[in-house]
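What follows is the content of start34.pdb (PDB, C-alpha atoms).
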```pdb
ATOM      1  CA  MET A   1      -7.091 -75.210-166.371
ATOM      2  CA  SER A   2     -10.793 -74.531-166.798
ATOM      3  CA  GLU A   3     -11.398 -76.235-163.455
ATOM      4  CA  ILE A   4      -9.241 -73.734-161.562
ATOM      5  CA  PHE A   5     -10.874 -70.601-160.236
ATOM      6  CA  LEU A   6      -9.723 -67.348-161.891
ATOM      7  CA  SER A   7     -10.287 -63.843-160.529
ATOM      8  CA  PRO A   8     -11.458 -60.947-162.695
ATOM      9  CA  GLU A   9      -8.678 -58.920-164.313
ATOM     10  CA  MET A  10      -6.785 -56.552-161.990
ATOM     11  CA  ASP A  11      -4.729 -53.399-162.705
ATOM     12  CA  ILE A  12      -1.362 -52.255-161.309
ATOM     13  CA  LYS A  13      -1.615 -48.924-159.453
ATOM     14  CA  PRO A  14       1.015 -46.200-160.108
ATOM     15  CA  GLU A  15       1.816 -45.900-156.381
ATOM     16  CA  TRP A  16       2.815 -49.588-156.317
ATOM     17  CA  ILE A  17       5.828 -49.020-158.624
ATOM     18  CA  ASP A  18       9.196 -48.827-156.803
ATOM     19  CA  GLN A  19      12.752 -47.561-157.523
ATOM     20  CA  ASN A  20      13.330 -50.545-159.797
ATOM     21  CA  GLY A  21      10.529 -49.212-162.037
ATOM     22  CA  HIS A  22       8.447 -52.335-161.504
ATOM     23  CA  LEU A  23       5.650 -53.573-159.258
ATOM     24  CA  ASN A  24       7.044 -53.558-155.727
ATOM     25  CA  MET A  25       7.247 -57.007-154.136
ATOM     26  CA  ALA A  26       4.786 -56.183-151.367
ATOM     27  CA  TYR A  27       1.942 -55.359-153.767
ATOM     28  CA  TYR A  28       2.013 -58.777-155.381
ATOM     29  CA  GLY A  29       0.534 -59.698-151.992
ATOM     30  CA  VAL A  30      -2.317 -57.231-152.469
ATOM     31  CA  LEU A  31      -3.122 -58.772-155.881
ATOM     32  CA  PHE A  32      -3.035 -62.336-154.500
ATOM     33  CA  ASP A  33      -5.247 -61.344-151.555
ATOM     34  CA  THR A  34      -7.763 -59.665-153.858
ATOM     35  CA  GLY A  35      -7.813 -62.933-155.827
ATOM     36  CA  VAL A  36      -8.484 -64.900-152.619
ATOM     37  CA  ASP A  37     -11.430 -62.591-151.838
ATOM     38  CA  GLU A  38     -12.954 -63.517-155.209
ATOM     39  CA  ALA A  39     -12.555 -67.237-154.504
ATOM     40  CA  CYS A  40     -14.065 -66.758-151.021
ATOM     41  CA  LYS A  41     -17.223 -65.299-152.605
ATOM     42  CA  GLU A  42     -17.520 -68.510-154.631
ATOM     43  CA  LEU A  43     -17.100 -70.596-151.452
ATOM     44  CA  GLY A  44     -19.690 -68.729-149.396
ATOM     45  CA  LEU A  45     -16.938 -67.087-147.317
ATOM     46  CA  GLY A  46     -17.403 -63.661-148.882
ATOM     47  CA  TRP A  47     -18.765 -60.375-147.645
ATOM     48  CA  GLU A  48     -22.340 -61.591-147.089
ATOM     49  CA  TYR A  49     -20.921 -64.237-144.693
ATOM     50  CA  THR A  50     -18.381 -62.105-142.816
ATOM     51  CA  ALA A  51     -20.807 -59.151-142.593
ATOM     52  CA  GLN A  52     -23.009 -61.244-140.277
ATOM     53  CA  GLY A  53     -20.355 -60.427-137.687
ATOM     54  CA  THR A  54     -19.924 -63.884-136.175
ATOM     55  CA  HIS A  55     -17.231 -65.514-138.315
ATOM     56  CA  THR A  56     -14.491 -64.460-140.698
ATOM     57  CA  THR A  57     -11.211 -65.684-142.180
ATOM     58  CA  TYR A  58      -7.632 -64.778-141.224
ATOM     59  CA  SER A  59      -4.426 -65.518-143.054
ATOM     60  CA  ALA A  60      -1.972 -67.715-141.113
ATOM     61  CA  GLU A  61       0.812 -67.929-143.682
ATOM     62  CA  PHE A  62       1.509 -66.669-147.147
ATOM     63  CA  ARG A  63       4.399 -67.208-149.512
ATOM     64  CA  ILE A  64       5.179 -65.600-152.843
ATOM     65  CA  ARG A  65       7.688 -66.771-155.464
ATOM     66  CA  TYR A  66       8.525 -63.978-157.896
ATOM     67  CA  ARG A  67       9.083 -65.077-161.503
ATOM     68  CA  GLN A  68       8.644 -62.081-163.809
ATOM     69  CA  GLU A  69       8.531 -58.347-163.273
ATOM     70  CA  LEU A  70       5.202 -56.549-163.657
ATOM     71  CA  HIS A  71       4.892 -52.953-164.862
ATOM     72  CA  LEU A  72       2.327 -50.178-164.953
ATOM     73  CA  GLY A  73      -0.351 -50.953-167.539
ATOM     74  CA  HIS A  74      -0.104 -54.716-167.108
ATOM     75  CA  LYS A  75      -3.295 -56.613-166.387
ATOM     76  CA  VAL A  76      -3.292 -59.797-164.338
ATOM     77  CA  ARG A  77      -5.672 -62.407-162.985
ATOM     78  CA  ALA A  78      -5.113 -64.607-159.938
ATOM     79  CA  SER A  79      -5.910 -68.317-160.000
ATOM     80  CA  PHE A  80      -6.998 -70.189-156.858
ATOM     81  CA  ARG A  81      -6.480 -73.922-156.299
ATOM     82  CA  LEU A  82      -7.265 -75.796-153.086
ATOM     83  CA  LEU A  83      -4.528 -78.188-151.905
ATOM     84  CA  ASP A  84      -5.971 -79.379-148.593
ATOM     85  CA  VAL A  85      -9.038 -78.744-146.458
ATOM     86  CA  GLY A  86      -9.004 -79.170-142.694
ATOM     87  CA  PRO A  87     -11.909 -78.652-140.265
ATOM     88  CA  LYS A  88     -10.737 -75.092-139.472
ATOM     89  CA  ALA A  89      -8.217 -74.173-142.152
ATOM     90  CA  ILE A  90      -7.447 -74.474-145.850
ATOM     91  CA  HIS A  91      -4.162 -74.728-147.777
ATOM     92  CA  PHE A  92      -4.244 -73.244-151.266
ATOM     93  CA  CYS A  93      -1.996 -72.087-154.081
ATOM     94  CA  GLN A  94      -2.303 -69.361-156.693
ATOM     95  CA  GLU A  95      -0.704 -68.067-159.869
ATOM     96  CA  LEU A  96      -0.651 -64.432-160.874
ATOM     97  CA  ILE A  97      -1.198 -64.644-164.624
ATOM     98  CA  HIS A  98      -0.436 -61.799-167.046
ATOM     99  CA  SER A  99      -3.048 -61.144-169.765
ATOM    100  CA  ASP A 100      -0.514 -62.570-172.281
ATOM    101  CA  GLY A 101      -0.603 -65.885-170.412
ATOM    102  CA  TRP A 102       2.730 -65.962-168.553
ATOM    103  CA  VAL A 103       2.981 -66.422-164.790
ATOM    104  CA  ALA A 104       4.381 -63.396-162.921
ATOM    105  CA  ALA A 105       4.400 -65.030-159.482
ATOM    106  CA  THR A 106       3.061 -67.943-157.478
ATOM    107  CA  GLY A 107       1.391 -67.794-154.079
ATOM    108  CA  GLU A 108       0.815 -70.437-151.406
ATOM    109  CA  GLY A 109      -1.292 -69.740-148.328
ATOM    110  CA  ILE A 110      -3.055 -71.032-145.236
ATOM    111  CA  SER A 111      -6.389 -69.421-144.364
ATOM    112  CA  LEU A 112      -8.085 -69.937-140.997
ATOM    113  CA  HIS A 113     -11.802 -69.879-140.165
ATOM    114  CA  ILE A 114     -12.288 -67.547-137.197
ATOM    115  CA  ASP A 115     -15.015 -67.186-134.561
ATOM    116  CA  GLN A 116     -14.978 -63.440-134.022
ATOM    117  CA  SER A 117     -16.141 -63.710-130.400
ATOM    118  CA  GLY A 118     -12.603 -64.899-129.495
ATOM    119  CA  PRO A 119     -11.250 -64.278-131.980
ATOM    120  CA  ARG A 120     -10.342 -67.974-132.162
ATOM    121  CA  VAL A 121     -10.009 -70.641-134.836
ATOM    122  CA  ALA A 122     -13.333 -72.479-135.335
ATOM    123  CA  PRO A 123     -14.766 -75.275-137.548
ATOM    124  CA  TYR A 124     -16.361 -74.287-140.872
ATOM    125  CA  PRO A 125     -20.173 -74.534-140.910
ATOM    126  CA  ASP A 126     -21.419 -77.662-142.734
ATOM    127  CA  ASP A 127     -22.567 -75.886-145.903
ATOM    128  CA  ILE A 128     -19.224 -74.133-146.394
ATOM    129  CA  LYS A 129     -17.259 -77.284-145.544
ATOM    130  CA  ALA A 130     -19.267 -79.096-148.238
ATOM    131  CA  LYS A 131     -18.395 -76.395-150.777
ATOM    132  CA  LEU A 132     -14.714 -76.565-149.807
ATOM    133  CA  ASP A 133     -14.688 -80.373-150.104
ATOM    134  CA  ALA A 134     -16.412 -80.194-153.501
ATOM    135  CA  MET A 135     -13.890 -77.647-154.793
ATOM    136  CA  LEU A 136     -11.016 -79.718-153.364
ATOM    137  CA  ALA A 137     -12.318 -82.837-155.163
ATOM    138  CA  LYS A 138     -12.517 -80.888-158.429
ATOM    139  CA  HIS A 139      -9.027 -79.434-158.027
ATOM    140  CA  ALA A 140      -7.562 -82.808-156.992
ATOM    141  CA  GLN A 141      -7.871 -83.921-160.619
ATOM    142  CA  ILE A 142      -5.233 -81.369-161.631
ATOM    143  CA  PRO A 143      -1.571 -82.082-160.743
ATOM    144  CA  VAL A 144      -0.179 -80.161-157.752
ATOM    145  CA  PRO A 145       2.395 -77.616-159.024
ATOM    146  CA  ASP A 146       5.956 -78.771-158.291
ATOM    147  CA  TRP A 147       6.772 -75.532-156.428
ATOM    148  CA  VAL A 148       4.222 -76.207-153.673
ATOM    149  CA  GLY A 149       5.948 -76.917-150.377
ATOM    150  CA  ALA A 150       9.480 -76.455-151.755
ATOM    151  CA  PRO A 151      11.794 -75.142-149.017
ATOM    152  CA  MET A 152      13.137 -71.638-149.382
ATOM    153  CA  GLN A 153      16.810 -71.567-150.314
ATOM    154  CA  ILE A 154      19.431 -69.890-152.475
ATOM    155  CA  ARG A 155      21.225 -71.469-155.400
ATOM    156  CA  LYS A 156      25.003 -71.355-154.993
TER     157      LYS A 156
ATOM    158  CA  MET B   1      37.668 -49.293-140.558
ATOM    159  CA  THR B   2      35.999 -50.053-143.810
ATOM    160  CA  ALA B   3      36.506 -47.675-146.721
ATOM    161  CA  ASP B   4      33.215 -48.780-148.262
ATOM    162  CA  PRO B   5      31.285 -45.563-148.984
ATOM    163  CA  TYR B   6      28.009 -47.375-149.662
ATOM    164  CA  ARG B   7      27.595 -49.001-146.265
ATOM    165  CA  LYS B   8      25.489 -47.213-143.656
ATOM    166  CA  PRO B   9      26.086 -49.336-140.554
ATOM    167  CA  MET B  10      24.196 -46.855-138.368
ATOM    168  CA  ALA B  11      20.980 -47.444-140.327
ATOM    169  CA  GLY B  12      19.722 -49.749-137.595
ATOM    170  CA  GLU B  13      20.544 -50.692-134.016
ATOM    171  CA  ILE B  14      21.259 -53.976-132.300
ATOM    172  CA  VAL B  15      18.960 -54.590-129.327
ATOM    173  CA  ASP B  16      18.975 -57.908-127.423
ATOM    174  CA  GLY B  17      20.445 -59.929-130.276
ATOM    175  CA  ARG B  18      18.295 -58.421-132.997
ATOM    176  CA  PHE B  19      19.260 -55.915-135.682
ATOM    177  CA  LEU B  20      16.288 -53.492-135.646
ATOM    178  CA  GLY B  21      15.103 -50.775-138.041
ATOM    179  CA  GLU B  22      13.046 -47.668-137.386
ATOM    180  CA  GLU B  23       9.575 -47.655-135.870
ATOM    181  CA  MET B  24       6.758 -47.815-138.430
ATOM    182  CA  GLU B  25       3.068 -46.939-138.263
ATOM    183  CA  ILE B  26      -0.041 -48.665-139.613
ATOM    184  CA  LYS B  27      -1.924 -46.586-142.224
ATOM    185  CA  PRO B  28      -5.741 -46.368-141.971
ATOM    186  CA  GLU B  29      -6.165 -47.583-145.581
ATOM    187  CA  TRP B  30      -4.350 -50.830-144.656
ATOM    188  CA  ILE B  31      -7.120 -51.902-142.256
ATOM    189  CA  ASP B  32      -9.522 -54.451-143.759
ATOM    190  CA  PHE B  33     -13.092 -55.615-143.039
ATOM    191  CA  ASN B  34     -11.771 -57.595-140.061
ATOM    192  CA  GLY B  35     -10.777 -54.294-138.457
ATOM    193  CA  HIS B  36      -7.091 -55.284-138.409
ATOM    194  CA  LEU B  37      -4.023 -54.830-140.583
ATOM    195  CA  ASN B  38      -4.738 -56.621-143.869
ATOM    196  CA  MET B  39      -2.403 -59.545-144.564
ATOM    197  CA  ALA B  40      -0.987 -57.984-147.720
ATOM    198  CA  TYR B  41       0.286 -54.879-145.896
ATOM    199  CA  TYR B  42       2.437 -56.916-143.535
ATOM    200  CA  GLY B  43       4.418 -57.341-146.754
ATOM    201  CA  VAL B  44       4.769 -53.568-147.070
ATOM    202  CA  LEU B  45       6.011 -53.331-143.461
ATOM    203  CA  PHE B  46       8.519 -56.161-143.967
ATOM    204  CA  ASP B  47       9.739 -54.515-147.192
ATOM    205  CA  VAL B  48      10.133 -51.066-145.620
ATOM    206  CA  GLY B  49      11.469 -52.774-142.501
ATOM    207  CA  CYS B  50      14.414 -54.357-144.336
ATOM    208  CA  ASN B  51      15.810 -50.993-145.467
ATOM    209  CA  HIS B  52      18.214 -50.716-142.524
ATOM    210  CA  GLY B  53      19.651 -54.096-143.444
ATOM    211  CA  PHE B  54      20.125 -53.223-147.094
ATOM    212  CA  ARG B  55      21.600 -49.809-146.230
ATOM    213  CA  ALA B  56      24.015 -51.409-143.787
ATOM    214  CA  LEU B  57      25.054 -53.826-146.548
ATOM    215  CA  GLY B  58      25.636 -50.961-149.008
ATOM    216  CA  PHE B  59      22.743 -51.616-151.386
ATOM    217  CA  GLY B  60      20.693 -48.565-152.331
ATOM    218  CA  ASP B  61      20.386 -45.603-154.688
ATOM    219  CA  ALA B  62      24.110 -44.772-154.816
ATOM    220  CA  TYR B  63      25.107 -48.384-155.486
ATOM    221  CA  ARG B  64      22.405 -48.682-158.167
ATOM    222  CA  ARG B  65      23.569 -45.468-159.837
ATOM    223  CA  ASP B  66      27.325 -46.159-159.687
ATOM    224  CA  HIS B  67      27.370 -49.873-160.441
ATOM    225  CA  GLY B  68      24.135 -50.569-162.324
ATOM    226  CA  PHE B  69      23.084 -53.350-159.957
ATOM    227  CA  THR B  70      19.929 -53.567-157.885
ATOM    228  CA  THR B  71      18.257 -56.156-155.681
ATOM    229  CA  MET B  72      14.997 -57.984-156.321
ATOM    230  CA  THR B  73      12.983 -60.450-154.266
ATOM    231  CA  ALA B  74      12.761 -64.033-155.510
ATOM    232  CA  ASP B  75      10.860 -65.696-152.679
ATOM    233  CA  PHE B  76       9.015 -64.222-149.699
ATOM    234  CA  ARG B  77       7.021 -65.858-146.938
ATOM    235  CA  ILE B  78       5.082 -64.453-143.998
ATOM    236  CA  ARG B  79       3.792 -66.313-140.916
ATOM    237  CA  TYR B  80       1.029 -64.342-139.212
ATOM    238  CA  LEU B  81       1.156 -64.710-135.427
ATOM    239  CA  ARG B  82      -0.867 -61.864-133.963
ATOM    240  CA  GLU B  83      -3.189 -59.151-135.259
ATOM    241  CA  LEU B  84      -2.105 -55.519-135.621
ATOM    242  CA  HIS B  85      -4.446 -52.542-135.369
ATOM    243  CA  LEU B  86      -4.469 -48.861-136.210
ATOM    244  CA  GLY B  87      -2.222 -46.997-133.776
ATOM    245  CA  ASP B  88       0.115 -49.971-133.204
ATOM    246  CA  ARG B  89       3.811 -49.255-133.721
ATOM    247  CA  VAL B  90       6.204 -51.893-134.977
ATOM    248  CA  ARG B  91       9.858 -52.384-135.833
ATOM    249  CA  CYS B  92      11.431 -54.986-138.071
ATOM    250  CA  SER B  93      14.457 -57.130-137.320
ATOM    251  CA  PHE B  94      16.840 -58.263-140.068
ATOM    252  CA  ARG B  95      18.993 -61.403-139.831
ATOM    253  CA  VAL B  96      21.102 -62.876-142.629
ATOM    254  CA  VAL B  97      20.608 -66.658-142.824
ATOM    255  CA  LYS B  98      22.841 -67.653-145.759
ATOM    256  CA  VAL B  99      24.874 -65.926-148.473
ATOM    257  CA  GLY B 100      25.388 -67.213-152.035
ATOM    258  CA  SER B 101      27.310 -65.712-154.948
ATOM    259  CA  LYS B 102      24.261 -63.936-156.455
ATOM    260  CA  ALA B 103      21.588 -64.202-153.779
ATOM    261  CA  PHE B 104      21.114 -64.230-150.031
ATOM    262  CA  HIS B 105      18.518 -65.599-147.618
ATOM    263  CA  TYR B 106      17.365 -63.508-144.656
ATOM    264  CA  CYS B 107      14.655 -63.590-142.021
ATOM    265  CA  GLN B 108      12.758 -60.918-140.102
ATOM    266  CA  GLU B 109      10.418 -60.447-137.171
ATOM    267  CA  LEU B 110       7.776 -57.720-137.019
ATOM    268  CA  ILE B 111       7.901 -56.614-133.389
ATOM    269  CA  HIS B 112       5.217 -54.586-131.617
ATOM    270  CA  SER B 113       6.406 -51.706-129.412
ATOM    271  CA  ASP B 114       5.251 -53.794-126.404
ATOM    272  CA  GLY B 115       7.761 -56.476-127.378
ATOM    273  CA  TRP B 116       5.614 -59.277-128.857
ATOM    274  CA  VAL B 117       6.149 -60.656-132.359
ATOM    275  CA  SER B 118       3.276 -60.011-134.736
ATOM    276  CA  ALA B 119       4.651 -61.897-137.755
ATOM    277  CA  THR B 120       7.783 -63.484-139.164
ATOM    278  CA  ALA B 121       9.172 -63.358-142.698
ATOM    279  CA  GLU B 122      11.734 -65.257-144.686
ATOM    280  CA  THR B 123      13.138 -63.979-147.977
ATOM    281  CA  VAL B 124      15.485 -64.856-150.818
ATOM    282  CA  ASN B 125      16.896 -61.701-152.413
ATOM    283  CA  LEU B 126      18.720 -61.585-155.780
ATOM    284  CA  HIS B 127      21.511 -59.330-157.032
ATOM    285  CA  VAL B 128      20.401 -58.106-160.466
ATOM    286  CA  ASP B 129      22.122 -56.352-163.370
ATOM    287  CA  MET B 130      19.673 -53.506-164.053
ATOM    288  CA  LYS B 131      20.307 -53.290-167.813
ATOM    289  CA  ALA B 132      20.301 -56.994-168.596
ATOM    290  CA  ARG B 133      17.562 -57.658-165.984
ATOM    291  CA  ARG B 134      19.537 -60.761-165.067
ATOM    292  CA  VAL B 135      20.885 -62.182-161.825
ATOM    293  CA  ALA B 136      24.580 -61.270-161.468
ATOM    294  CA  PRO B 137      27.412 -62.064-158.985
ATOM    295  CA  TYR B 138      27.892 -59.603-156.125
ATOM    296  CA  THR B 139      30.638 -57.032-156.515
ATOM    297  CA  GLU B 140      33.568 -57.750-154.192
ATOM    298  CA  ALA B 141      32.624 -55.059-151.651
ATOM    299  CA  ARG B 142      29.014 -56.287-151.430
ATOM    300  CA  ARG B 143      30.207 -59.889-151.094
ATOM    301  CA  VAL B 144      32.480 -58.897-148.224
ATOM    302  CA  ALA B 145      29.699 -56.877-146.562
ATOM    303  CA  LEU B 146      27.250 -59.796-146.794
ATOM    304  CA  HIS B 147      29.701 -62.320-145.377
ATOM    305  CA  GLN B 148      30.673 -59.959-142.560
ATOM    306  CA  MET B 149      27.038 -59.453-141.616
ATOM    307  CA  ALA B 150      26.316 -63.194-141.897
ATOM    308  CA  GLU B 151      29.187 -63.895-139.522
ATOM    309  CA  GLU B 152      28.031 -61.215-137.089
ATOM    310  CA  HIS B 153      24.469 -62.603-137.139
ATOM    311  CA  SER B 154      25.663 -66.222-136.795
ATOM    312  CA  LYS B 155      26.102 -65.489-133.040
ATOM    313  CA  TRP B 156      22.305 -65.502-132.868
ATOM    314  CA  PRO B 157      20.383 -68.769-133.301
ATOM    315  CA  VAL B 158      18.519 -69.285-136.597
ATOM    316  CA  PRO B 159      14.823 -69.157-135.614
ATOM    317  CA  ASP B 160      13.170 -72.601-135.635
ATOM    318  CA  TRP B 161      10.496 -71.426-138.088
ATOM    319  CA  VAL B 162      13.010 -70.812-140.919
ATOM    320  CA  GLY B 163      12.512 -73.326-143.735
ATOM    321  CA  LEU B 164       9.327 -74.966-142.395
ATOM    322  CA  PRO B 165       6.788 -76.297-144.937
ATOM    323  CA  LEU B 166       3.242 -74.885-145.109
ATOM    324  CA  GLY B 167       0.327 -77.127-144.115
ATOM    325  CA  VAL B 168      -2.954 -77.386-142.236
ATOM    326  CA  ARG B 169      -3.333 -79.142-138.882
ATOM    327  CA  ASN B 170      -6.140 -81.679-138.879
TER     328      ASN B 170
END
```
Spit out the file's structure as structure tokens when you get a sec.
Amino acid sequence: MSEIFLSPEMDIKPEWIDQNGHLNMAYYGVLFDTGVDEACKELGLGWEYTAQGTHTTYSAEFRIRYRQELHLGHKVRASFRLLDVGPKAIHFCQELIHSDGWVAATGEGISLHIDQSGPRVAPYPDDIKAKLDAMLAKHAQIPVPDWVGAPMQIRK
Amino acid sequence: MTADPYRKPMAGEIVDGRFLGEEMEIKPEWIDFNGHLNMAYYGVLFDVGCNHGFRALGFGDAYRRDHGFTTMTADFRIRYLRELHLGDRVRCSFRVVKVGSKAFHYCQELIHSDGWVSATAETVNLHVDMKARRVAPYTEARRVALHQMAEEHSKWPVPDWVGLPLGVRN
């Protein structure tokens, strides 16, 4: 687990609690995205890169599997594991981990590298591609979670 | 006529083979450093944008209060197709894909007021006993409502993006 990137601890905001008295489903997405931002800093895709105004990242797909309810006062961290790196896009997965160690939800996403003059999808610069490949090689030593790529369906 | 007091069939309207909810706005605090709607807040729009579907099915405050059951999301997936900006207005469609005894699968499109689709979503939603916090079978009236809506929506093709795996193109 030590090889997987972990975000700093995050709090649940009161306005994110819904009629069920728990963290509303949509705000799990905010927590996962905040976790991705932290990983992007590590990869050279953070603010100092996007602030140059030429390139950025967009989300192409994102999927959340909800496992446990979260409540006000809970503290969570988001993991980040690369699954695949293409010339212009990455496939990654995440876990939202409660401070007691249990997993509240899993995330799986595709992030695109964008040339802002289009905006259009564009290849990663060499230095960032090297960082992505290095992280992918590190993460490849850890088994891929069995929920990655599973089709969405209901149990009868 | 149905004598089901929980169902609010007028919560949405059917336009060109899509069951649509009310128009929604983008909030300024949802715009990110890219100057567009942040990916996470599409989730908020899809969640608010399924209310007409759940009201039409009879889920909601009254059902929660009277029967002690609620609904919770088990699985949720968004495909981002086109950027949204401050000032854009969108509506959400709601289409039942499949109904089980304790859960159902539905899909949605987030549609700009000019007619183009900004994003799609696919969801598995669970029927939950609020006290036990456990998945529970639908009550008879909810089961009937779900199957009626599924049959009504089965006239429309299931979008080809439902059930696709995630991956990068090389």
Shell of 12 Å around Thr34 of chain A, only C-alpha atoms, local chain residues under 4 positions omitted, as a list in words =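 Near neighbours after the sequence-gap exclusion: Leu6, Ser7, Pro8, Glu9, Met10, Asp11, Tyr27, Tyr28, Gly29, Val30, Glu38, Ala39, Cys40, Lys41, Gly46, Val76, Arg77, Ala78, Ser79, Phe80, Gln94 and Leu96 of chain A; Asp32, Asn38, Met39 and Ala40 of chain B.
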Do me a favour and pick out the residues of chain B within 6 Å of chain A, using all atoms listed in the file, as number ranges by chain.
-> B: 40, 43-44, 74-80, 100, 163, 165, 170
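Restricting the calculation to only C-alpha atoms, the smallest distance between His127 of chain B and any of B:Arg64, B:Arg89, B:Arg7, B:His52 is found for B:Arg64.
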Axis-aligned box for all listed atoms of segment 103-110 of chain B, 8 Å per side, centre and edges in Å to one decimal, as JSON:
```
{"center_x": 14.7, "center_y": -61.7, "center_z": -145.4, "size_x": 29.8, "size_y": 23.9, "size_z": 32.8}
```
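With only C-alpha atoms as the atoms that count, the minimum distance from His98 of chain A to the choices A:Ile17, A:Ile12, A:Ala122, A:Ile114 is reached by A:Ile12.
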Within 10 Å of Ala11 of chain B, counting only C-alpha atoms, which residues show up once you throw out same-chain ones fewer than 3 positions away? Write them as a VMD selection string, please.
-> chain B and resid 7 to 8 19 to 22 51 to 57
